[in-house]
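Colleague: My file is target04.pdb. It has PDB, C-alpha atoms, pLDDT in the B column:
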ATOM      1  CA  MET L   1     177.355 150.657 103.500  1.00 64.00           C
ATOM      2  CA  LEU L   2     175.924 150.471  99.975  1.00 63.00           C
ATOM      3  CA  ASN L   3     177.372 153.930  99.281  1.00 72.00           C
ATOM      4  CA  LYS L   4     180.909 152.519  99.517  1.00 75.00           C
ATOM      5  CA  LEU L   5     180.232 149.826  96.868  1.00 71.00           C
ATOM      6  CA  LYS L   6     180.838 150.353  93.203  1.00 82.00           C
ATOM      7  CA  ILE L   7     177.839 150.731  90.916  1.00 80.00           C
ATOM      8  CA  GLY L   8     178.223 147.188  89.533  1.00 81.00           C
ATOM      9  CA  ALA L   9     178.162 145.725  93.047  1.00 80.00           C
ATOM     10  CA  ARG L  10     175.105 147.808  93.930  1.00 78.00           C
ATOM     11  CA  LEU L  11     173.290 146.630  90.807  1.00 82.00           C
ATOM     12  CA  GLY L  12     174.272 143.037  91.560  1.00 82.00           C
ATOM     13  CA  PHE L  13     173.041 143.391  95.140  1.00 83.00           C
ATOM     14  CA  GLY L  14     169.747 144.970  93.944  1.00 82.00           C
ATOM     15  CA  PHE L  15     169.126 142.258  91.373  1.00 88.00           C
ATOM     16  CA  GLY L  16     170.077 139.578  93.900  1.00 89.00           C
ATOM     17  CA  LEU L  17     167.636 141.027  96.430  1.00 88.00           C
ATOM     18  CA  LEU L  18     164.942 141.214  93.739  1.00 91.00           C
ATOM     19  CA  PHE L  19     165.638 137.573  92.820  1.00 91.00           C
ATOM     20  CA  VAL L  20     165.276 136.477  96.481  1.00 92.00           C
ATOM     21  CA  ILE L  21     161.992 138.387  96.780  1.00 92.00           C
ATOM     22  CA  LEU L  22     160.708 136.757  93.569  1.00 92.00           C
ATOM     23  CA  LEU L  23     161.670 133.335  94.940  1.00 91.00           C
ATOM     24  CA  ILE L  24     159.756 134.022  98.153  1.00 92.00           C
ATOM     25  CA  ILE L  25     156.708 135.223  96.198  1.00 91.00           C
ATOM     26  CA  GLY L  26     156.914 132.196  93.907  1.00 87.00           C
ATOM     27  CA  PHE L  27     157.120 129.792  96.845  1.00 85.00           C
ATOM     28  CA  ALA L  28     154.160 131.482  98.565  1.00 86.00           C
ATOM     29  CA  GLY L  29     152.160 131.233  95.335  1.00 83.00           C
ATOM     30  CA  TYR L  30     153.060 127.577  94.868  1.00 81.00           C
ATOM     31  CA  TRP L  31     152.091 126.795  98.464  1.00 82.00           C
ATOM     32  CA  GLY L  32     148.829 128.741  98.049  1.00 78.00           C
ATOM     33  CA  ILE L  33     147.925 126.831  94.878  1.00 82.00           C
ATOM     34  CA  GLY L  34     148.595 123.524  96.635  1.00 76.00           C
ATOM     35  CA  SER L  35     146.373 124.543  99.531  1.00 79.00           C
ATOM     36  CA  LEU L  36     143.661 125.699  97.137  1.00 80.00           C
ATOM     37  CA  GLU L  37     143.826 122.415  95.230  1.00 81.00           C
ATOM     38  CA  GLU L  38     143.418 120.482  98.474  1.00 79.00           C
ATOM     39  CA  ASN L  39     140.335 122.535  99.372  1.00 75.00           C
ATOM     40  CA  VAL L  40     138.828 122.015  95.925  1.00 75.00           C
ATOM     41  CA  GLN L  41     139.443 118.260  96.147  1.00 77.00           C
ATOM     42  CA  THR L  42     137.779 118.165  99.566  1.00 75.00           C
ATOM     43  CA  MET L  43     134.798 120.053  98.195  1.00 71.00           C
ATOM     44  CA  LEU L  44     134.506 117.699  95.254  1.00 74.00           C
ATOM     45  CA  ARG L  45     134.724 114.640  97.485  1.00 74.00           C
ATOM     46  CA  THR L  46     132.356 115.776 100.213  1.00 78.00           C
ATOM     47  CA  ASP L  47     130.220 118.728  99.177  1.00 80.00           C
ATOM     48  CA  ALA L  48     129.351 117.289  95.787  1.00 81.00           C
ATOM     49  CA  LYS L  49     128.523 113.926  97.373  1.00 86.00           C
ATOM     50  CA  VAL L  50     126.370 115.625 100.008  1.00 85.00           C
ATOM     51  CA  ALA L  51     124.506 117.536  97.291  1.00 86.00           C
ATOM     52  CA  GLU L  52     123.993 114.371  95.241  1.00 89.00           C
ATOM     53  CA  LEU L  53     122.758 112.327  98.197  1.00 90.00           C
ATOM     54  CA  SER L  54     120.499 115.174  99.352  1.00 88.00           C
ATOM     55  CA  ALA L  55     118.898 115.409  95.923  1.00 90.00           C
ATOM     56  CA  ARG L  56     118.362 111.662  95.812  1.00 91.00           C
ATOM     57  CA  LEU L  57     116.949 111.698  99.345  1.00 91.00           C
ATOM     58  CA  ARG L  58     114.509 114.432  98.338  1.00 90.00           C
ATOM     59  CA  ALA L  59     113.433 112.393  95.292  1.00 91.00           C
ATOM     60  CA  ASN L  60     112.967 109.267  97.422  1.00 92.00           C
ATOM     61  CA  THR L  61     110.928 111.249  99.922  1.00 91.00           C
ATOM     62  CA  HIS L  62     108.685 112.640  97.178  1.00 92.00           C
ATOM     63  CA  ALA L  63     108.162 109.102  95.874  1.00 93.00           C
ATOM     64  CA  LEU L  64     107.353 107.953  99.415  1.00 92.00           C
ATOM     65  CA  ARG L  65     104.674 110.627  99.666  1.00 92.00           C
ATOM     66  CA  GLN L  66     103.336 109.689  96.235  1.00 94.00           C
ATOM     67  CA  TYR L  67     102.910 106.050  97.258  1.00 95.00           C
ATOM     68  CA  GLU L  68     101.209 107.234 100.453  1.00 93.00           C
ATOM     69  CA  LYS L  69      98.703 109.149  98.327  1.00 94.00           C
ATOM     70  CA  ASP L  70      98.292 106.172  95.970  1.00 95.00           C
ATOM     71  CA  VAL L  71      97.405 103.941  98.929  1.00 94.00           C
ATOM     72  CA  PHE L  72      94.830 106.470 100.141  1.00 94.00           C
ATOM     73  CA  ILE L  73      93.338 107.032  96.697  1.00 94.00           C
ATOM     74  CA  ASN L  74      92.847 103.287  96.212  1.00 94.00           C
ATOM     75  CA  ILE L  75      90.934 102.629  99.426  1.00 93.00           C
ATOM     76  CA  GLY L  76      88.521  99.838  98.572  1.00 89.00           C
ATOM     77  CA  SER L  77      90.930  97.945  96.321  1.00 91.00           C
ATOM     78  CA  GLU L  78      92.983  95.726  98.610  1.00 90.00           C
ATOM     79  CA  LYS L  79      95.226  94.543  95.755  1.00 94.00           C
ATOM     80  CA  LYS L  80      96.156  98.062  94.617  1.00 94.00           C
ATOM     81  CA  MET L  81      96.595  99.225  98.188  1.00 93.00           C
ATOM     82  CA  ALA L  82      98.870  96.266  98.949  1.00 94.00           C
ATOM     83  CA  ASP L  83     100.911  96.942  95.798  1.00 95.00           C
ATOM     84  CA  TYR L  84     101.316 100.620  96.642  1.00 95.00           C
ATOM     85  CA  PHE L  85     102.112  99.798 100.260  1.00 95.00           C
ATOM     86  CA  LYS L  86     104.864  97.482  99.039  1.00 96.00           C
ATOM     87  CA  GLU L  87     106.229 100.300  96.855  1.00 95.00           C
ATOM     88  CA  TRP L  88     105.965 102.684  99.826  1.00 94.00           C
ATOM     89  CA  ASP L  89     107.892 100.235 101.993  1.00 94.00           C
ATOM     90  CA  GLY L  90     110.632  99.963  99.345  1.00 95.00           C
ATOM     91  CA  GLU L  91     110.933 103.754  99.139  1.00 93.00           C
ATOM     92  CA  ARG L  92     111.106 103.957 102.920  1.00 93.00           C
ATOM     93  CA  ASP L  93     114.055 101.555 102.781  1.00 94.00           C
ATOM     94  CA  SER L  94     115.657 103.790 100.140  1.00 93.00           C
ATOM     95  CA  VAL L  95     115.152 106.858 102.321  1.00 92.00           C
ATOM     96  CA  GLU L  96     116.797 105.071 105.261  1.00 93.00           C
ATOM     97  CA  LYS L  97     119.720 104.043 103.046  1.00 94.00           C
ATOM     98  CA  ARG L  98     120.158 107.605 101.734  1.00 92.00           C
ATOM     99  CA  LEU L  99     120.117 108.958 105.278  1.00 92.00           C
ATOM    100  CA  ALA L 100     122.769 106.425 106.331  1.00 93.00           C
ATOM    101  CA  ASP L 101     124.909 107.324 103.297  1.00 92.00           C
ATOM    102  CA  LEU L 102     124.465 111.026 103.973  1.00 89.00           C
ATOM    103  CA  GLU L 103     125.408 110.574 107.617  1.00 90.00           C
ATOM    104  CA  LYS L 104     128.738 109.045 106.516  1.00 90.00           C
ATOM    105  CA  VAL L 105     129.785 111.979 104.327  1.00 88.00           C
ATOM    106  CA  VAL L 106     128.569 115.126 106.092  1.00 87.00           C
ATOM    107  CA  THR L 107     131.287 116.964 107.957  1.00 83.00           C
ATOM    108  CA  LEU L 108     129.822 120.285 109.063  1.00 82.00           C
ATOM    109  CA  PRO L 109     128.084 120.360 112.464  1.00 87.00           C
ATOM    110  CA  GLN L 110     124.891 121.899 111.063  1.00 88.00           C
ATOM    111  CA  ASP L 111     124.733 119.184 108.377  1.00 84.00           C
ATOM    112  CA  LYS L 112     125.222 116.483 111.009  1.00 87.00           C
ATOM    113  CA  ASP L 113     122.389 117.983 113.052  1.00 89.00           C
ATOM    114  CA  ALA L 114     120.125 118.128 110.003  1.00 86.00           C
ATOM    115  CA  VAL L 115     120.767 114.454 109.187  1.00 87.00           C
ATOM    116  CA  LYS L 116     120.164 113.515 112.821  1.00 89.00           C
ATOM    117  CA  ASN L 117     116.832 115.367 112.758  1.00 86.00           C
ATOM    118  CA  MET L 118     115.833 113.672 109.508  1.00 87.00           C
ATOM    119  CA  LYS L 119     116.664 110.272 110.964  1.00 88.00           C
ATOM    120  CA  GLU L 120     114.367 111.103 113.872  1.00 87.00           C
ATOM    121  CA  ASP L 121     111.570 112.374 111.591  1.00 86.00           C
ATOM    122  CA  LEU L 122     111.302 109.248 109.439  1.00 89.00           C
ATOM    123  CA  PRO L 123     110.200 106.821 112.197  1.00 91.00           C
ATOM    124  CA  ALA L 124     107.527 109.287 113.373  1.00 88.00           C
ATOM    125  CA  TYR L 125     106.061 109.445 109.875  1.00 91.00           C
ATOM    126  CA  GLU L 126     106.394 105.676 109.459  1.00 92.00           C
ATOM    127  CA  VAL L 127     104.476 105.007 112.690  1.00 92.00           C
ATOM    128  CA  GLY L 128     101.701 107.356 111.571  1.00 92.00           C
ATOM    129  CA  PHE L 129     101.437 105.903 108.088  1.00 93.00           C
ATOM    130  CA  ASN L 130     101.409 102.312 109.349  1.00 94.00           C
ATOM    131  CA  MET L 131      98.727 103.222 111.890  1.00 94.00           C
ATOM    132  CA  VAL L 132      96.534 104.818 109.204  1.00 93.00           C
ATOM    133  CA  TYR L 133      97.139 101.899 106.835  1.00 94.00           C
ATOM    134  CA  GLY L 134      96.084  99.478 109.588  1.00 94.00           C
ATOM    135  CA  MET L 135      92.938 101.525 110.190  1.00 94.00           C
ATOM    136  CA  ILE L 136      92.143 101.364 106.484  1.00 94.00           C
ATOM    137  CA  LEU L 137      92.575  97.582 106.462  1.00 93.00           C
ATOM    138  CA  THR L 138      90.244  97.209 109.448  1.00 93.00           C
ATOM    139  CA  ASP L 139      87.633  99.513 107.835  1.00 91.00           C
ATOM    140  CA  LYS L 140      87.999 102.190 110.500  1.00 93.00           C
ATOM    141  CA  ILE L 141      88.959 104.600 107.710  1.00 90.00           C
ATOM    142  CA  LYS L 142      86.942 104.396 104.493  1.00 91.00           C
ATOM    143  CA  THR L 143      87.807 107.521 102.492  1.00 92.00           C
ATOM    144  CA  THR L 144      90.873 109.261 101.173  1.00 92.00           C
ATOM    145  CA  ALA L 145      89.971 112.444 103.042  1.00 92.00           C
ATOM    146  CA  ASP L 146      89.663 110.544 106.332  1.00 92.00           C
ATOM    147  CA  ALA L 147      93.037 108.869 105.724  1.00 92.00           C
ATOM    148  CA  ASN L 148      94.677 112.232 105.021  1.00 90.00           C
ATOM    149  CA  ALA L 149      93.100 113.720 108.134  1.00 91.00           C
ATOM    150  CA  ALA L 150      94.256 110.783 110.271  1.00 91.00           C
ATOM    151  CA  LEU L 151      97.809 111.169 108.974  1.00 89.00           C
ATOM    152  CA  GLY L 152      97.738 114.940 109.555  1.00 87.00           C
ATOM    153  CA  GLU L 153      99.756 115.043 112.764  1.00 83.00           C
ATOM    154  CA  TYR L 154     102.486 112.861 111.250  1.00 84.00           C
ATOM    155  CA  LYS L 155     102.891 114.866 108.056  1.00 80.00           C
ATOM    156  CA  ASP L 156     105.176 117.424 109.665  1.00 78.00           C
ATOM    157  CA  ALA L 157     107.801 114.714 110.116  1.00 74.00           C
ATOM    158  CA  ILE L 158     107.850 113.805 106.413  1.00 77.00           C
ATOM    159  CA  ARG L 159     107.684 117.435 105.349  1.00 73.00           C
ATOM    160  CA  GLY L 160     110.830 117.964 107.368  1.00 65.00           C
ATOM    161  CA  LEU L 161     112.597 115.365 105.232  1.00 64.00           C
ATOM    162  CA  GLN L 162     111.402 117.032 102.044  1.00 59.00           C
ATOM    163  CA  THR L 163     112.624 120.494 102.963  1.00 59.00           C
ATOM    164  CA  LYS L 164     115.917 119.862 104.798  1.00 55.00           C
TER
END
I need this file expressed as structure tokens, please.

Modeller:
Amino acid sequence: MLNKLKIGARLGFGFGLLFVILLIIGFAGYWGIGSLEENVQTMLRTDAKVAELSARLRANTHALRQYEKDVFINIGSEKKMADYFKEWDGERDSVEKRLADLEKVVTLPQDKDAVKNMKEDLPAYEVGFNMVYGMILTDKIKTTADANAALGEYKDAIRGLQTK
């Protein structure tokens, strides 16, 4: 069929076909860029927020452990212990808040499971720390080493928060 057309018509048809192909390629590229932009925006909204909240959670958890150690180191000074316990309690509240915030933004199933596990680990550690603190106040525990040993079985829970 193209053999019967004059050379000008063939060239016009070829350039027309090339133009249509370029339009299709351009549209596919435009659609691809739009899809890519949407994915980048999603990453910025969720992944960056998850990373930020995770880093803050880790910092709060480290502070929680530091106040735990400060309580144990100051056995014998009720005032210092009470002050550090108050700080510990405030950090525990911060950890709970970070976990709640993190739970709202995670979208991947493995991230949801990790947050769920962390939310389960915190109360176990809290029960252990409160038990040891009560034993210190009633003079059942008198040294830092004894306090650390008594908290031993509950430390895995808090370590889970620090590493997840």

Colleague: Nearest to Met118 (chain L): which of L:Glu153, L:Glu103, L:Asp70, L:Glu91 is it, counting all atoms listed in the file?

Modeller: L:Glu103

Colleague: With the PyMOL selection byres ((chain L and resi 94-101) around 10) as the selection, what would be picked from this file? Answer as a ChimeraX atom specification, please.

Modeller: /L:49-50,53-61,63-64,88-93,102-106,115-116,118-119,122-123,161

Colleague: Figure out the distance between CA of Phe85 (chain L) and CA of Lys142 (chain L), please, to one decimal in Å.

Modeller: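 Straight-line distance from CA of Lys142 (chain L) to CA of Phe85 (chain L) works out to 16.4 Å.
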
Colleague: Go through L:Asp156, L:Asp113, L:Glu87, L:Glu68 one by one, measure the shortest atom-to-atom distance of each to Tyr133 (chain L) using all atoms listed in the file, and give the residue with the smallest value.

Modeller: L:Glu68

Colleague: Find the distance between CA of Lys4 (chain L) and CA of Phe19 (chain L) and write it in Å to one decimal.

Modeller: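 Calculated distance between CA of Lys4 (chain L) and CA of Phe19 (chain L) is 22.4 Å.
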
Colleague: Between L:Lys69, L:Lys79, L:Arg10, L:His62, which is the closest to Ala145 (chain L) once you count all atoms listed in the file?

Modeller: L:Lys69

Colleague: Anything within 12 Å of (100.1, 98.9, 109.4): list those residues as a compact mmCIF listing (two decimals) with C-alpha atoms, in the coordinates of the input, counting only C-alpha atoms and sticking to the file's coordinates.

Modeller:
# COMPACT_ATOMS: atom_id res chain seq x y z
CA VAL L 71 97.40 103.94 98.93
CA MET L 81 96.60 99.22 98.19
CA ALA L 82 98.87 96.27 98.95
CA PHE L 85 102.11 99.80 100.26
CA LYS L 86 104.86 97.48 99.04
CA TRP L 88 105.96 102.68 99.83
CA ASP L 89 107.89 100.24 101.99
CA GLU L 126 106.39 105.68 109.46
CA VAL L 127 104.48 105.01 112.69
CA GLY L 128 101.70 107.36 111.57
CA PHE L 129 101.44 105.90 108.09
CA ASN L 130 101.41 102.31 109.35
CA MET L 131 98.73 103.22 111.89
CA VAL L 132 96.53 104.82 109.20
CA TYR L 133 97.14 101.90 106.84
CA GLY L 134 96.08 99.48 109.59
CA MET L 135 92.94 101.52 110.19
CA ILE L 136 92.14 101.36 106.48
CA LEU L 137 92.58 97.58 106.46
CA THR L 138 90.24 97.21 109.45

Colleague: Figure out the distance between CA of Phe27 (chain L) and CA of Leu11 (chain L), please, to one decimal in Å.

Modeller: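 Going from CA of Leu11 (chain L) over to CA of Phe27 (chain L) covers 24.1 Å.
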
Colleague: Please put the answer as lines of an AutoDock Vina configuration file: centre and edge lengths, in Å with one decimal, of a box along x, y and z that encloses all listed atoms of region 44-57 of chain L plus 6 Å on each side.

Modeller:
center_x = 125.8
center_y = 115.2
center_z = 97.7
size_x = 29.8
size_y = 19.1
size_z = 17.0

Colleague: Tell me which of L:Asn3, L:Thr46, L:Ser35, L:Gln41 sits closest to Leu108 (chain L), counting all atoms listed in the file.

Modeller: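 Checking each of L:Asn3, L:Thr46, L:Ser35, L:Gln41 against Leu108 (chain L), counting all atoms listed in the file, the winner is L:Thr46.
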